[in-house]
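Notes for the one structure printed next.
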Amino acid sequence: MTSTYFEGQAKGNEKAARGHSRDHRGDCKQVCIGLVCTPEGLPLNFEVFAGNRTDVTTVGDMVRKMEERFGKAQRVWVMDRGMVSEANIAMLRERKALYVVGTP
């Protein structure tokens with residue numbers, strides 16, 4: 001997950017919203033972007049989320065969208081501390097998914 005911010009009002013983007021700014025630009029609207037890569041680092045899929053959406057709430061959507069689009073596969077989900085929750089870990093375990101997570 002990452003975010004990018006907009007200079008100006010961003011009226012043309014319905015997902016642009018103020019949220020936690022990784023760029024320390026709380027004065028600007030932003031969107032959050034989730035990226036899925038191959039083991040070699042090549043982009044496979046991405047999703048754009050509302051700028052005020054927290055990272056932890058995007059994991060289930062990303063996993064389901066990847067499974068719908070490409071089928072179930074033996075993927076390794078890599079998540080930082082901002083994406084880890086008991087519910088997300090339980091969901092991954094239920095799917096017998098492989099994962100690497102950062103913990104506080």
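Just remember, in the structure tokens the first chain shown is A, the second B, etc., residues are 1-based per chain, and ligands are 1-based in the order shown.
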| task | List every residue of region 15-88 of chain A that DSSP, applied to the backbone of this structure, places in alpha helix (DSSP H), and write the result as number ranges by chain. | result | A: 59-70, 86-88
Can you list, as an mmCIF file with N, CA and C atoms, in the first residue's frame, every protein, DNA or RNA residue that comes within 12 Å of Lys96 (chain A) when you count only C-alpha atoms, leaving out same-chain residues fewer than 3 positions away?
data_model
loop_
_atom_site.group_PDB
_atom_site.id
_atom_site.type_symbol
_atom_site.label_atom_id
_atom_site.label_comp_id
_atom_site.auth_asym_id
_atom_site.auth_seq_id
_atom_site.Cartn_x
_atom_site.Cartn_y
_atom_site.Cartn_z
ATOM 1 N N LYS A 72 -7.314 -19.136 -7.388
ATOM 2 C CA LYS A 72 -6.526 -19.377 -6.179
ATOM 3 C C LYS A 72 -5.176 -19.934 -6.597
ATOM 4 N N ALA A 73 -4.151 -19.422 -5.985
ATOM 5 C CA ALA A 73 -2.787 -19.862 -6.290
ATOM 6 C C ALA A 73 -1.987 -19.795 -5.001
ATOM 7 N N GLN A 74 -0.815 -20.341 -5.022
ATOM 8 C CA GLN A 74 0.032 -20.302 -3.839
ATOM 9 C C GLN A 74 0.816 -18.999 -3.838
ATOM 10 N N ARG A 75 0.138 -17.925 -3.427
ATOM 11 C CA ARG A 75 0.754 -16.604 -3.338
ATOM 12 C C ARG A 75 1.324 -16.410 -1.941
ATOM 13 N N VAL A 76 2.282 -15.540 -1.851
ATOM 14 C CA VAL A 76 2.803 -15.126 -0.550
ATOM 15 C C VAL A 76 2.376 -13.677 -0.357
ATOM 16 N N TRP A 77 1.569 -13.435 0.655
ATOM 17 C CA TRP A 77 1.078 -12.092 0.950
ATOM 18 C C TRP A 77 2.042 -11.439 1.927
ATOM 19 N N ILE A 89 -5.291 -12.034 9.543
ATOM 20 C CA ILE A 89 -4.504 -13.267 9.706
ATOM 21 C C ILE A 89 -5.425 -14.479 9.670
ATOM 22 N N ALA A 90 -6.569 -14.400 10.345
ATOM 23 C CA ALA A 90 -7.536 -15.510 10.341
ATOM 24 C C ALA A 90 -8.036 -15.786 8.923
ATOM 25 N N MET A 91 -8.316 -14.734 8.160
ATOM 26 C CA MET A 91 -8.786 -14.893 6.787
ATOM 27 C C MET A 91 -7.720 -15.581 5.929
ATOM 28 N N LEU A 92 -6.464 -15.191 6.084
ATOM 29 C CA LEU A 92 -5.381 -15.819 5.327
ATOM 30 C C LEU A 92 -5.189 -17.276 5.738
ATOM 31 N N ARG A 93 -5.257 -17.544 7.024
ATOM 32 C CA ARG A 93 -5.110 -18.922 7.501
ATOM 33 C C ARG A 93 -6.250 -19.800 6.991
ATOM 34 N N TYR A 99 2.031 -16.191 4.145
ATOM 35 C CA TYR A 99 2.128 -14.751 4.405
ATOM 36 C C TYR A 99 3.352 -14.416 5.236
#
| field | All residues 7 Å or closer to Met79 (chain A), only C-alpha atoms, same chain fewer than 2 positions away omitted, as a PyMOL selection string | value | chain A and resi 77+81+83-84+100-102
Could you dump the residues just selected with C-alpha atoms as a PDB file, in the first residue's frame?
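Contents of again_31.pdb, freshly written:
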ATOM      1  CA  TRP A  77       1.078 -12.092   0.950  1.00  0.00           C
ATOM      2  CA  ARG A  81       2.277  -3.514  10.446  1.00  0.00           C
ATOM      3  CA  MET A  83      -2.162  -4.114   7.377  1.00  0.00           C
ATOM      4  CA  VAL A  84      -2.022  -6.714  10.140  1.00  0.00           C
ATOM      5  CA  VAL A 100       4.892 -12.622   5.846  1.00  0.00           C
ATOM      6  CA  VAL A 101       3.818  -9.856   8.197  1.00  0.00           C
ATOM      7  CA  GLY A 102       5.493  -7.125  10.184  1.00  0.00           C
TER       8      GLY A 102
END
| said: My list of candidates is A:Ala17, A:Val63, A:Ala97, A:Val78. Which is closest to Phe49 (chain A) when distances are computed with only C-alpha atoms? | reply: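 Using only C-alpha atoms, Phe49 (chain A) sits closest to A:Ala17.
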| Mind checking DSSP for region 2-103 of chain A and telling me the strand (DSSP E) residues as a PyMOL selection string? | chain A and resi 2-5+30-37+43-50+76-79+98-101
| Residue with smallest distance to Lys65 (chain A) - pool A:Gly26, A:Gly51, A:Gly34, A:Ser85, counting only C-alpha atoms |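 Ranked by minimum distance to Lys65 (chain A), first place goes to A:Gly34.
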| request: For Lys29 (chain A), work out the shell of residues within 9 Å, counting only C-alpha atoms and skipping chain neighbours fewer than 3 positions away, then give it as JSON, numbers by chain. | output: {"A": [4, 5, 6, 7, 8, 9, 10, 16, 17, 18, 19, 21, 25, 26, 51, 52]}
